[in-house]
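**Student:** my_file01.cif is the file, holding mmCIF, N, CA and C atoms:
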```
data_protein
loop_
_atom_site.label_atom_id
_atom_site.label_comp_id
_atom_site.auth_asym_id
_atom_site.auth_seq_id
_atom_site.Cartn_x
_atom_site.Cartn_y
_atom_site.Cartn_z
N MET J 1 -55.15 -36.05 39.54
CA MET J 1 -54.68 -35.55 38.26
C MET J 1 -54.80 -36.70 37.24
N ASP J 2 -55.39 -36.38 36.09
CA ASP J 2 -55.53 -37.41 35.06
C ASP J 2 -54.23 -37.57 34.26
N GLU J 3 -54.18 -38.61 33.45
CA GLU J 3 -52.96 -38.94 32.71
C GLU J 3 -52.57 -37.85 31.70
N LEU J 4 -53.55 -37.24 31.04
CA LEU J 4 -53.26 -36.22 30.04
C LEU J 4 -52.59 -35.00 30.67
N ASN J 5 -53.08 -34.55 31.82
CA ASN J 5 -52.45 -33.41 32.51
C ASN J 5 -51.06 -33.77 33.00
N LEU J 6 -50.88 -35.00 33.47
CA LEU J 6 -49.57 -35.44 33.92
C LEU J 6 -48.57 -35.43 32.76
N LEU J 7 -49.00 -35.89 31.59
CA LEU J 7 -48.12 -35.88 30.41
C LEU J 7 -47.79 -34.45 29.98
N ARG J 8 -48.75 -33.53 30.07
CA ARG J 8 -48.49 -32.13 29.73
C ARG J 8 -47.46 -31.52 30.68
N LEU J 9 -47.60 -31.81 31.98
CA LEU J 9 -46.63 -31.32 32.97
C LEU J 9 -45.24 -31.88 32.69
N LEU J 10 -45.18 -33.16 32.37
CA LEU J 10 -43.90 -33.81 32.07
C LEU J 10 -43.27 -33.21 30.81
N ALA J 11 -44.08 -32.98 29.77
CA ALA J 11 -43.57 -32.37 28.53
C ALA J 11 -43.06 -30.97 28.81
N GLY J 12 -43.77 -30.20 29.62
CA GLY J 12 -43.33 -28.85 29.97
C GLY J 12 -42.01 -28.87 30.71
N ALA J 13 -41.83 -29.83 31.60
CA ALA J 13 -40.58 -29.94 32.34
C ALA J 13 -39.42 -30.24 31.40
N PHE J 14 -39.63 -31.13 30.44
CA PHE J 14 -38.58 -31.45 29.47
C PHE J 14 -38.28 -30.24 28.58
N ASP J 15 -39.32 -29.51 28.16
CA ASP J 15 -39.10 -28.32 27.32
C ASP J 15 -38.25 -27.29 28.04
N ARG J 16 -38.41 -27.17 29.36
CA ARG J 16 -37.64 -26.20 30.13
C ARG J 16 -36.22 -26.68 30.42
N THR J 17 -36.05 -27.96 30.75
CA THR J 17 -34.75 -28.45 31.19
C THR J 17 -33.89 -29.02 30.06
N ASP J 18 -34.50 -29.51 29.00
CA ASP J 18 -33.75 -30.11 27.89
C ASP J 18 -34.47 -29.82 26.58
N PRO J 19 -34.51 -28.53 26.17
CA PRO J 19 -35.23 -28.19 24.94
C PRO J 19 -34.50 -28.74 23.71
N PRO J 20 -35.24 -28.96 22.61
CA PRO J 20 -34.58 -29.40 21.38
C PRO J 20 -33.65 -28.31 20.86
N PRO J 21 -32.59 -28.69 20.16
CA PRO J 21 -31.66 -27.68 19.62
C PRO J 21 -32.38 -26.75 18.66
N PRO J 22 -31.94 -25.49 18.60
CA PRO J 22 -32.55 -24.56 17.64
C PRO J 22 -32.38 -25.08 16.22
N GLY J 23 -33.42 -24.97 15.42
CA GLY J 23 -33.36 -25.37 14.02
C GLY J 23 -33.47 -26.86 13.77
N LEU J 24 -33.75 -27.65 14.81
CA LEU J 24 -33.84 -29.11 14.62
C LEU J 24 -34.93 -29.47 13.62
N ASP J 25 -36.08 -28.84 13.73
CA ASP J 25 -37.17 -29.16 12.81
C ASP J 25 -36.78 -28.83 11.37
N GLU J 26 -36.07 -27.70 11.15
CA GLU J 26 -35.62 -27.33 9.81
C GLU J 26 -34.63 -28.36 9.26
N ARG J 27 -33.70 -28.82 10.12
CA ARG J 27 -32.71 -29.80 9.67
C ARG J 27 -33.36 -31.14 9.32
N VAL J 28 -34.34 -31.55 10.09
CA VAL J 28 -35.03 -32.82 9.81
C VAL J 28 -35.78 -32.73 8.49
N MET J 29 -36.51 -31.63 8.29
CA MET J 29 -37.26 -31.46 7.03
C MET J 29 -36.31 -31.38 5.83
N PHE J 30 -35.17 -30.71 6.00
CA PHE J 30 -34.18 -30.60 4.93
C PHE J 30 -33.67 -31.99 4.54
N ALA J 31 -33.37 -32.82 5.53
CA ALA J 31 -32.86 -34.16 5.25
C ALA J 31 -33.92 -35.03 4.59
N LEU J 32 -35.15 -34.89 5.01
CA LEU J 32 -36.22 -35.71 4.44
C LEU J 32 -36.52 -35.34 3.00
N GLU J 33 -36.36 -34.06 2.64
CA GLU J 33 -36.63 -33.64 1.26
C GLU J 33 -35.69 -34.29 0.26
N ALA J 34 -34.47 -34.63 0.67
CA ALA J 34 -33.49 -35.23 -0.24
C ALA J 34 -33.64 -36.73 -0.33
N ASP J 35 -34.55 -37.29 0.43
CA ASP J 35 -34.72 -38.73 0.44
C ASP J 35 -35.31 -39.18 -0.89
N ALA J 36 -34.50 -39.80 -1.72
CA ALA J 36 -34.95 -40.27 -3.02
C ALA J 36 -34.53 -41.73 -3.19
N VAL J 37 -35.25 -42.43 -4.03
CA VAL J 37 -35.00 -43.86 -4.22
C VAL J 37 -33.67 -44.11 -4.93
N ASP J 38 -33.38 -43.34 -5.96
CA ASP J 38 -32.22 -43.61 -6.80
C ASP J 38 -31.06 -42.68 -6.46
N THR J 39 -30.55 -42.78 -5.21
CA THR J 39 -29.43 -41.95 -4.80
C THR J 39 -28.32 -42.81 -4.22
N GLU J 40 -27.13 -42.29 -4.30
CA GLU J 40 -25.95 -42.92 -3.70
C GLU J 40 -25.38 -41.91 -2.71
N MET J 41 -25.34 -42.26 -1.45
CA MET J 41 -24.85 -41.35 -0.43
C MET J 41 -23.34 -41.27 -0.46
N ALA J 42 -22.82 -40.07 -0.47
CA ALA J 42 -21.38 -39.85 -0.31
C ALA J 42 -21.14 -39.68 1.18
N TRP J 43 -19.96 -39.97 1.63
CA TRP J 43 -19.63 -39.79 3.04
C TRP J 43 -18.51 -38.78 3.15
N LEU J 44 -18.47 -38.12 4.29
CA LEU J 44 -17.43 -37.13 4.55
C LEU J 44 -16.11 -37.86 4.72
N ASP J 45 -15.16 -37.57 3.86
CA ASP J 45 -13.85 -38.21 3.93
C ASP J 45 -12.90 -37.40 4.81
N ARG J 46 -12.84 -36.08 4.57
CA ARG J 46 -11.98 -35.24 5.40
C ARG J 46 -12.40 -33.78 5.24
N GLU J 47 -12.09 -33.01 6.29
CA GLU J 47 -12.33 -31.56 6.27
C GLU J 47 -11.08 -30.89 6.81
N VAL J 48 -10.59 -29.90 6.07
CA VAL J 48 -9.36 -29.21 6.45
C VAL J 48 -9.65 -27.72 6.48
N LEU J 49 -9.32 -27.08 7.60
CA LEU J 49 -9.41 -25.63 7.69
C LEU J 49 -8.10 -25.06 7.17
N THR J 50 -8.20 -24.08 6.28
CA THR J 50 -6.99 -23.51 5.70
C THR J 50 -6.95 -22.02 5.94
N GLY J 51 -5.74 -21.50 6.07
CA GLY J 51 -5.55 -20.06 6.19
C GLY J 51 -5.71 -19.41 4.84
N SER J 52 -5.78 -18.12 4.84
CA SER J 52 -6.00 -17.42 3.58
C SER J 52 -4.79 -16.64 3.11
N GLY J 53 -3.65 -16.78 3.79
CA GLY J 53 -2.43 -16.11 3.34
C GLY J 53 -2.58 -14.61 3.34
N ALA J 54 -2.39 -14.00 2.17
CA ALA J 54 -2.43 -12.55 2.07
C ALA J 54 -3.81 -11.98 2.33
N ARG J 55 -4.85 -12.78 2.09
CA ARG J 55 -6.21 -12.29 2.30
C ARG J 55 -6.68 -12.73 3.68
N ALA J 56 -6.16 -12.08 4.70
CA ALA J 56 -6.45 -12.47 6.08
C ALA J 56 -7.92 -12.29 6.43
N SER J 57 -8.67 -11.55 5.64
CA SER J 57 -10.08 -11.34 5.94
C SER J 57 -10.96 -12.49 5.44
N GLU J 58 -10.41 -13.41 4.69
CA GLU J 58 -11.17 -14.56 4.19
C GLU J 58 -10.73 -15.82 4.90
N HIS J 59 -11.69 -16.65 5.23
CA HIS J 59 -11.42 -17.95 5.85
C HIS J 59 -11.96 -19.03 4.91
N SER J 60 -11.26 -20.14 4.83
CA SER J 60 -11.73 -21.20 3.95
C SER J 60 -11.54 -22.56 4.59
N ARG J 61 -12.28 -23.51 4.09
CA ARG J 61 -12.11 -24.90 4.50
C ARG J 61 -12.32 -25.76 3.27
N THR J 62 -11.60 -26.86 3.24
CA THR J 62 -11.70 -27.81 2.13
C THR J 62 -12.33 -29.08 2.66
N ILE J 63 -13.36 -29.56 1.95
CA ILE J 63 -14.10 -30.74 2.38
C ILE J 63 -14.13 -31.73 1.22
N THR J 64 -13.86 -32.99 1.53
CA THR J 64 -13.89 -34.04 0.51
C THR J 64 -14.95 -35.07 0.88
N PHE J 65 -15.78 -35.41 -0.11
CA PHE J 65 -16.80 -36.44 0.04
C PHE J 65 -16.48 -37.57 -0.93
N ASP J 66 -16.65 -38.79 -0.49
CA ASP J 66 -16.42 -39.96 -1.35
C ASP J 66 -17.68 -40.80 -1.43
N SER J 67 -17.89 -41.40 -2.60
CA SER J 67 -18.94 -42.40 -2.78
C SER J 67 -18.33 -43.51 -3.63
N ALA J 68 -19.10 -44.53 -3.90
CA ALA J 68 -18.59 -45.65 -4.68
C ALA J 68 -18.21 -45.22 -6.10
N SER J 69 -18.90 -44.21 -6.65
CA SER J 69 -18.65 -43.85 -8.05
C SER J 69 -18.02 -42.48 -8.26
N LEU J 70 -17.94 -41.64 -7.21
CA LEU J 70 -17.54 -40.27 -7.42
C LEU J 70 -16.89 -39.69 -6.16
N THR J 71 -15.91 -38.81 -6.35
CA THR J 71 -15.34 -38.02 -5.26
C THR J 71 -15.66 -36.57 -5.55
N VAL J 72 -16.14 -35.86 -4.53
CA VAL J 72 -16.47 -34.44 -4.64
C VAL J 72 -15.61 -33.70 -3.63
N MET J 73 -14.81 -32.76 -4.11
CA MET J 73 -14.03 -31.92 -3.21
C MET J 73 -14.51 -30.49 -3.37
N ILE J 74 -14.76 -29.82 -2.24
CA ILE J 74 -15.20 -28.43 -2.29
C ILE J 74 -14.32 -27.57 -1.40
N SER J 75 -14.18 -26.34 -1.81
CA SER J 75 -13.51 -25.33 -1.01
C SER J 75 -14.56 -24.28 -0.69
N VAL J 76 -14.80 -24.07 0.61
CA VAL J 76 -15.80 -23.09 1.06
C VAL J 76 -15.04 -21.87 1.55
N VAL J 77 -15.22 -20.75 0.86
CA VAL J 77 -14.52 -19.51 1.21
C VAL J 77 -15.53 -18.54 1.81
N GLU J 78 -15.28 -18.15 3.05
CA GLU J 78 -16.12 -17.17 3.73
C GLU J 78 -15.45 -15.81 3.58
N ARG J 79 -16.05 -14.94 2.79
CA ARG J 79 -15.48 -13.64 2.50
C ARG J 79 -15.74 -12.66 3.64
N ALA J 80 -14.96 -11.60 3.65
CA ALA J 80 -15.08 -10.58 4.70
C ALA J 80 -16.46 -9.93 4.70
N ASP J 81 -17.11 -9.85 3.54
CA ASP J 81 -18.43 -9.21 3.46
C ASP J 81 -19.56 -10.16 3.84
N GLY J 82 -19.21 -11.39 4.30
CA GLY J 82 -20.22 -12.35 4.73
C GLY J 82 -20.71 -13.29 3.66
N ARG J 83 -20.36 -13.04 2.41
CA ARG J 83 -20.78 -13.93 1.32
C ARG J 83 -19.91 -15.19 1.32
N ILE J 84 -20.45 -16.25 0.74
CA ILE J 84 -19.73 -17.52 0.65
C ILE J 84 -19.59 -17.91 -0.81
N ARG J 85 -18.40 -18.37 -1.16
CA ARG J 85 -18.15 -18.91 -2.50
C ARG J 85 -17.78 -20.37 -2.33
N LEU J 86 -18.35 -21.21 -3.16
CA LEU J 86 -18.09 -22.64 -3.09
C LEU J 86 -17.47 -23.07 -4.42
N ASP J 87 -16.19 -23.47 -4.40
CA ASP J 87 -15.51 -24.00 -5.58
C ASP J 87 -15.44 -25.51 -5.43
N GLY J 88 -15.71 -26.24 -6.51
CA GLY J 88 -15.70 -27.69 -6.39
C GLY J 88 -15.05 -28.38 -7.57
N TRP J 89 -14.66 -29.64 -7.32
CA TRP J 89 -14.04 -30.48 -8.33
C TRP J 89 -14.60 -31.89 -8.18
N LEU J 90 -14.82 -32.53 -9.31
CA LEU J 90 -15.33 -33.90 -9.35
C LEU J 90 -14.25 -34.84 -9.86
N ALA J 91 -14.20 -36.02 -9.30
CA ALA J 91 -13.29 -37.06 -9.81
C ALA J 91 -14.06 -38.37 -9.83
N PRO J 92 -14.12 -39.04 -10.96
CA PRO J 92 -13.52 -38.65 -12.23
C PRO J 92 -14.21 -37.40 -12.79
N PRO J 93 -13.42 -36.57 -13.51
CA PRO J 93 -13.96 -35.31 -14.01
C PRO J 93 -14.95 -35.53 -15.14
N GLY J 94 -15.79 -34.56 -15.34
CA GLY J 94 -16.74 -34.60 -16.45
C GLY J 94 -17.77 -33.51 -16.33
N PRO J 95 -18.45 -33.21 -17.43
CA PRO J 95 -19.47 -32.16 -17.43
C PRO J 95 -20.78 -32.67 -16.83
N LEU J 96 -20.82 -32.79 -15.51
CA LEU J 96 -21.99 -33.32 -14.82
C LEU J 96 -22.82 -32.19 -14.22
N ARG J 97 -24.10 -32.46 -14.06
CA ARG J 97 -25.03 -31.51 -13.43
C ARG J 97 -24.80 -31.55 -11.92
N VAL J 98 -24.57 -30.36 -11.32
CA VAL J 98 -24.34 -30.25 -9.88
C VAL J 98 -25.41 -29.32 -9.31
N GLU J 99 -26.13 -29.80 -8.33
CA GLU J 99 -27.19 -29.01 -7.71
C GLU J 99 -26.80 -28.71 -6.27
N LEU J 100 -27.00 -27.48 -5.86
CA LEU J 100 -26.75 -27.06 -4.48
C LEU J 100 -28.09 -26.80 -3.82
N ARG J 101 -28.40 -27.58 -2.80
CA ARG J 101 -29.61 -27.37 -2.01
C ARG J 101 -29.21 -26.60 -0.76
N VAL J 102 -29.92 -25.51 -0.50
CA VAL J 102 -29.71 -24.73 0.71
C VAL J 102 -31.07 -24.61 1.39
N ALA J 103 -31.12 -24.92 2.67
CA ALA J 103 -32.38 -24.95 3.40
C ALA J 103 -33.14 -23.63 3.24
N ALA J 104 -34.43 -23.76 2.97
CA ALA J 104 -35.37 -22.63 2.89
C ALA J 104 -35.04 -21.65 1.78
N ARG J 105 -34.30 -22.08 0.75
CA ARG J 105 -34.00 -21.19 -0.38
C ARG J 105 -34.10 -22.01 -1.66
N PRO J 106 -34.32 -21.34 -2.79
CA PRO J 106 -34.35 -22.09 -4.06
C PRO J 106 -33.01 -22.76 -4.34
N ASP J 107 -33.07 -23.92 -4.95
CA ASP J 107 -31.84 -24.65 -5.29
C ASP J 107 -31.13 -23.96 -6.45
N SER J 108 -29.80 -24.11 -6.51
CA SER J 108 -28.99 -23.59 -7.60
C SER J 108 -28.42 -24.77 -8.36
N VAL J 109 -28.35 -24.65 -9.67
CA VAL J 109 -27.82 -25.72 -10.51
C VAL J 109 -26.77 -25.15 -11.44
N VAL J 110 -25.62 -25.85 -11.53
CA VAL J 110 -24.58 -25.50 -12.48
C VAL J 110 -24.14 -26.80 -13.17
N GLU J 111 -23.42 -26.65 -14.25
CA GLU J 111 -22.83 -27.82 -14.90
C GLU J 111 -21.32 -27.73 -14.73
N ALA J 112 -20.75 -28.81 -14.22
CA ALA J 112 -19.29 -28.87 -14.08
C ALA J 112 -18.68 -28.89 -15.48
N GLY J 113 -17.51 -28.30 -15.60
CA GLY J 113 -16.82 -28.31 -16.88
C GLY J 113 -16.23 -29.69 -17.17
N PRO J 114 -15.64 -29.87 -18.35
CA PRO J 114 -15.05 -31.16 -18.70
C PRO J 114 -13.97 -31.60 -17.72
N ASP J 115 -13.36 -30.61 -17.03
CA ASP J 115 -12.33 -30.93 -16.04
C ASP J 115 -12.92 -31.24 -14.66
N GLY J 116 -14.26 -31.20 -14.56
CA GLY J 116 -14.93 -31.51 -13.30
C GLY J 116 -15.06 -30.33 -12.36
N ARG J 117 -14.68 -29.14 -12.79
CA ARG J 117 -14.71 -27.97 -11.92
C ARG J 117 -16.07 -27.29 -11.99
N PHE J 118 -16.55 -26.82 -10.81
CA PHE J 118 -17.80 -26.06 -10.75
C PHE J 118 -17.69 -25.00 -9.66
N VAL J 119 -18.54 -23.96 -9.75
CA VAL J 119 -18.51 -22.84 -8.81
C VAL J 119 -19.94 -22.41 -8.48
N PHE J 120 -20.17 -22.16 -7.21
CA PHE J 120 -21.39 -21.49 -6.76
C PHE J 120 -20.92 -20.23 -6.03
N ASP J 121 -21.36 -19.07 -6.50
CA ASP J 121 -20.95 -17.82 -5.89
C ASP J 121 -22.15 -17.23 -5.14
N ASN J 122 -21.89 -16.44 -4.12
CA ASN J 122 -22.94 -15.80 -3.32
C ASN J 122 -23.90 -16.82 -2.70
N VAL J 123 -23.34 -17.83 -2.10
CA VAL J 123 -24.13 -18.87 -1.45
C VAL J 123 -24.59 -18.35 -0.08
N PRO J 124 -25.88 -18.52 0.24
CA PRO J 124 -26.34 -18.07 1.55
C PRO J 124 -25.89 -19.01 2.66
N ARG J 125 -25.81 -18.50 3.86
CA ARG J 125 -25.47 -19.32 5.02
C ARG J 125 -26.63 -20.25 5.34
N GLY J 126 -26.30 -21.37 5.96
CA GLY J 126 -27.33 -22.33 6.37
C GLY J 126 -26.92 -23.74 6.01
N LEU J 127 -27.84 -24.67 6.17
CA LEU J 127 -27.58 -26.06 5.80
C LEU J 127 -27.54 -26.17 4.29
N ALA J 128 -26.58 -26.92 3.79
CA ALA J 128 -26.44 -27.09 2.34
C ALA J 128 -26.10 -28.54 2.04
N GLN J 129 -26.40 -28.92 0.81
CA GLN J 129 -26.16 -30.29 0.36
C GLN J 129 -25.95 -30.26 -1.14
N LEU J 130 -25.02 -31.08 -1.63
CA LEU J 130 -24.77 -31.18 -3.07
C LEU J 130 -25.37 -32.47 -3.62
N LEU J 131 -25.93 -32.37 -4.81
CA LEU J 131 -26.42 -33.52 -5.55
C LEU J 131 -25.75 -33.50 -6.91
N VAL J 132 -25.09 -34.59 -7.28
CA VAL J 132 -24.39 -34.67 -8.56
C VAL J 132 -25.02 -35.78 -9.37
N GLN J 133 -25.44 -35.44 -10.60
CA GLN J 133 -26.12 -36.41 -11.46
C GLN J 133 -25.18 -36.90 -12.55
N PRO J 134 -24.66 -38.15 -12.41
CA PRO J 134 -23.83 -38.70 -13.49
C PRO J 134 -24.70 -39.08 -14.69
N PRO J 135 -24.08 -39.29 -15.86
CA PRO J 135 -24.87 -39.63 -17.05
C PRO J 135 -25.66 -40.92 -16.89
N SER J 136 -25.13 -41.84 -16.12
CA SER J 136 -25.87 -43.07 -15.84
C SER J 136 -25.64 -43.43 -14.38
N GLY J 137 -26.59 -44.07 -13.79
CA GLY J 137 -26.45 -44.44 -12.39
C GLY J 137 -27.17 -43.47 -11.47
N PRO J 138 -27.08 -43.74 -10.19
CA PRO J 138 -27.82 -42.91 -9.23
C PRO J 138 -27.17 -41.54 -9.00
N THR J 139 -27.99 -40.62 -8.53
CA THR J 139 -27.52 -39.31 -8.13
C THR J 139 -26.67 -39.46 -6.87
N VAL J 140 -25.52 -38.80 -6.84
CA VAL J 140 -24.65 -38.83 -5.67
C VAL J 140 -25.04 -37.65 -4.77
N VAL J 141 -25.32 -37.95 -3.50
CA VAL J 141 -25.81 -36.94 -2.56
C VAL J 141 -24.81 -36.86 -1.40
N THR J 142 -24.38 -35.62 -1.08
CA THR J 142 -23.49 -35.44 0.07
C THR J 142 -24.32 -35.27 1.33
N PRO J 143 -23.72 -35.52 2.48
CA PRO J 143 -24.42 -35.18 3.72
C PRO J 143 -24.62 -33.67 3.81
N ALA J 144 -25.59 -33.26 4.58
CA ALA J 144 -25.82 -31.82 4.78
C ALA J 144 -24.66 -31.24 5.59
N LEU J 145 -24.24 -30.03 5.24
CA LEU J 145 -23.19 -29.36 5.99
C LEU J 145 -23.62 -27.94 6.27
N ALA J 146 -23.11 -27.38 7.34
CA ALA J 146 -23.44 -26.01 7.71
C ALA J 146 -22.48 -25.05 7.04
N LEU J 147 -23.03 -24.09 6.33
CA LEU J 147 -22.22 -23.05 5.69
C LEU J 147 -22.37 -21.76 6.47
#
```
Let's see the structure in the file written out as structure tokens.

**Tutor:**
Amino acid sequence: MDELNLLRLLAGAFDRTDPPPPGLDERVMFALEADAVDTEMAWLDREVLTGSGARASEHSRTITFDSASLTVMISVVERADGRIRLDGWLAPPGPLRVELRVAARPDSVVEAGPDGRFVFDNVPRGLAQLLVQPPSGPTVVTPALAL
């Protein structure tokens, strides 16, 4: 048996016994698309799952991201009909451009109000990432999260 056939057999054995996770290629491509020179990475500070009180059919979680220049807090509400609403707040507040990247879908852009509040409604499920553009300095990019 030559080396090429041996490598094919070995690759087949790995594919059967330890296949890559579903969607790995999509996640890698999603992360590479956001790779830009003038960005500041935010890190996940905390994630809290919260109950919905009277609206037992809705589930939500609150996620906070921090960077050197900006804090981004979002509330992800999963509605009973399967739609997702993302409410967010920026600190320090200001009317900044906020972009929502969702894998394999067109990006959505909103402008936060003077109080730093922004909303994305009817967000599709999948990997998502926020990019916030301050008036000066690098774009703040959150890690990708699953919605």

**Student:** As an exercise, work out the distance from CA of Pro143 (chain J) to CA of Val98 (chain J) in Å and give it to one decimal place.

**Tutor:**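 Separating CA of Pro143 (chain J) from CA of Val98 (chain J) is a distance of 14.5 Å.
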
**Student:** Please report, as JSON lines, each residue of region 55-147 of chain J lying at most 8 Å from region 41-44 of chain J, together with the nearest pair of atoms and the separation in Å rounded to one decimal; use only C-alpha atoms, and order rows by chain and ascending residue number.

**Tutor:**
```
{"residue": "J:Ile63", "atom": "CA", "partner": "J:Leu44", "partner_atom": "CA", "distance": 7.5}
{"residue": "J:Thr64", "atom": "CA", "partner": "J:Leu44", "partner_atom": "CA", "distance": 6.2}
{"residue": "J:Phe65", "atom": "CA", "partner": "J:Leu44", "partner_atom": "CA", "distance": 4.6}
{"residue": "J:Asp66", "atom": "CA", "partner": "J:Ala42", "partner_atom": "CA", "distance": 5.1}
{"residue": "J:Ser67", "atom": "CA", "partner": "J:Ala42", "partner_atom": "CA", "distance": 4.3}
{"residue": "J:Ala68", "atom": "CA", "partner": "J:Ala42", "partner_atom": "CA", "distance": 7.8}
{"residue": "J:Val140", "atom": "CA", "partner": "J:Met41", "partner_atom": "CA", "distance": 5.8}
{"residue": "J:Val141", "atom": "CA", "partner": "J:Met41", "partner_atom": "CA", "distance": 5.0}
{"residue": "J:Thr142", "atom": "CA", "partner": "J:Ala42", "partner_atom": "CA", "distance": 4.9}
{"residue": "J:Pro143", "atom": "CA", "partner": "J:Trp43", "partner_atom": "CA", "distance": 6.7}
```

**Student:** Taking the file as I've supplied it (selection: the PyMOL selection byres ((chain J and resi 116) around 6.5)), which residues are included? Please answer as a list in words.

**Tutor:** Gly88, Trp89, Leu90, Ala91, Pro92, Pro93, Gly94, Pro95, Leu96, Ala112, Gly113, Pro114, Asp115, Arg117 and Phe118 of chain J

**Student:** In Å to one decimal, how far is atom N of Thr71 (chain J) from CA of Arg85 (chain J)?

**Tutor:**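 Rounded to one decimal, the two atoms are 20.4 Å apart.
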
**Student:** Could you jot down the CA of Arg125 (chain J) to CA of Pro21 (chain J) separation for me, Å, one decimal place?

**Tutor:**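 Interatomic distance, CA of Arg125 (chain J) to CA of Pro21 (chain J): 17.9 Å.
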
**Student:** Can you tell me, as a list in words, which residues sit within 7 Å of (-25.5, -23.0, -11.1) in the file's frame, using all atoms listed in the file?

**Tutor:** Val98, Ser108, Val109, Val110, Glu111, Val119 and Phe120 of chain J

**Student:** Apply DSSP to the backbone of this structure and, from chain J, keep only the residues in strand (DSSP E or B); write these as a VMD selection string.

**Tutor:** chain J and resid 39 to 41 43 to 50 59 to 66 71 to 78 84 to 91 97 to 102 108 to 111 117 to 123 127 to 133 139 to 141 145 to 146

**Student:** Between J:Ala103, J:Leu145, J:Glu40, J:Arg79, which is the closest to Leu131 (chain J) once you count only C-alpha atoms?

**Tutor:**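 Ranking J:Ala103, J:Leu145, J:Glu40, J:Arg79 by distance to Leu131 (chain J), first place goes to J:Glu40.
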
**Student:** Can you patch up region 42-47 of chain J, filling it in to all heavy atoms, and show the result as an mmCIF file, in the coordinates of the input?

**Tutor:**
```cif
data_model
loop_
_atom_site.group_PDB
_atom_site.id
_atom_site.type_symbol
_atom_site.label_atom_id
_atom_site.label_comp_id
_atom_site.auth_asym_id
_atom_site.auth_seq_id
_atom_site.Cartn_x
_atom_site.Cartn_y
_atom_site.Cartn_z
ATOM 1 N N ALA J 42 -22.820 -40.070 -0.470
ATOM 2 C CA ALA J 42 -21.380 -39.850 -0.310
ATOM 3 C C ALA J 42 -21.140 -39.680 1.180
ATOM 4 O O ALA J 42 -22.028 -39.281 1.926
ATOM 5 C CB ALA J 42 -20.945 -38.606 -1.071
ATOM 6 N N TRP J 43 -19.960 -39.970 1.630
ATOM 7 C CA TRP J 43 -19.630 -39.790 3.040
ATOM 8 C C TRP J 43 -18.510 -38.780 3.150
ATOM 9 O O TRP J 43 -17.722 -38.582 2.226
ATOM 10 C CB TRP J 43 -19.265 -41.107 3.715
ATOM 11 C CG TRP J 43 -18.053 -41.768 3.134
ATOM 12 C CD1 TRP J 43 -16.764 -41.620 3.525
ATOM 13 C CD2 TRP J 43 -18.008 -42.687 2.025
ATOM 14 N NE1 TRP J 43 -15.923 -42.369 2.746
ATOM 15 C CE2 TRP J 43 -16.655 -43.036 1.819
ATOM 16 C CE3 TRP J 43 -18.973 -43.235 1.183
ATOM 17 C CZ2 TRP J 43 -16.258 -43.908 0.810
ATOM 18 C CZ3 TRP J 43 -18.572 -44.103 0.177
ATOM 19 C CH2 TRP J 43 -17.231 -44.429 0.017
ATOM 20 N N LEU J 44 -18.470 -38.120 4.290
ATOM 21 C CA LEU J 44 -17.430 -37.130 4.550
ATOM 22 C C LEU J 44 -16.110 -37.860 4.720
ATOM 23 O O LEU J 44 -15.964 -38.686 5.608
ATOM 24 C CB LEU J 44 -17.763 -36.314 5.808
ATOM 25 C CG LEU J 44 -16.733 -35.278 6.233
ATOM 26 C CD1 LEU J 44 -16.602 -34.181 5.191
ATOM 27 C CD2 LEU J 44 -17.108 -34.687 7.575
ATOM 28 N N ASP J 45 -15.160 -37.570 3.860
ATOM 29 C CA ASP J 45 -13.850 -38.210 3.930
ATOM 30 C C ASP J 45 -12.900 -37.400 4.810
ATOM 31 O O ASP J 45 -12.247 -37.929 5.688
ATOM 32 C CB ASP J 45 -13.271 -38.388 2.527
ATOM 33 C CG ASP J 45 -11.928 -39.090 2.542
ATOM 34 O OD1 ASP J 45 -11.801 -40.097 3.267
ATOM 35 O OD2 ASP J 45 -11.009 -38.623 1.843
ATOM 36 N N ARG J 46 -12.840 -36.080 4.570
ATOM 37 C CA ARG J 46 -11.980 -35.240 5.400
ATOM 38 C C ARG J 46 -12.400 -33.780 5.240
ATOM 39 O O ARG J 46 -12.941 -33.376 4.222
ATOM 40 C CB ARG J 46 -10.514 -35.431 5.064
ATOM 41 C CG ARG J 46 -10.103 -35.020 3.674
ATOM 42 C CD ARG J 46 -8.657 -35.434 3.372
ATOM 43 N NE ARG J 46 -8.412 -35.467 1.959
ATOM 44 C CZ ARG J 46 -8.650 -36.479 1.154
ATOM 45 N NH1 ARG J 46 -9.151 -37.578 1.634
ATOM 46 N NH2 ARG J 46 -8.400 -36.423 -0.129
ATOM 47 N N GLU J 47 -12.090 -33.010 6.290
ATOM 48 C CA GLU J 47 -12.330 -31.560 6.270
ATOM 49 C C GLU J 47 -11.080 -30.890 6.810
ATOM 50 O O GLU J 47 -10.554 -31.283 7.846
ATOM 51 C CB GLU J 47 -13.541 -31.208 7.131
ATOM 52 C CG GLU J 47 -13.840 -29.735 7.142
ATOM 53 C CD GLU J 47 -15.154 -29.397 7.828
ATOM 54 O OE1 GLU J 47 -15.901 -30.308 8.214
ATOM 55 O OE2 GLU J 47 -15.416 -28.199 7.968
#
```
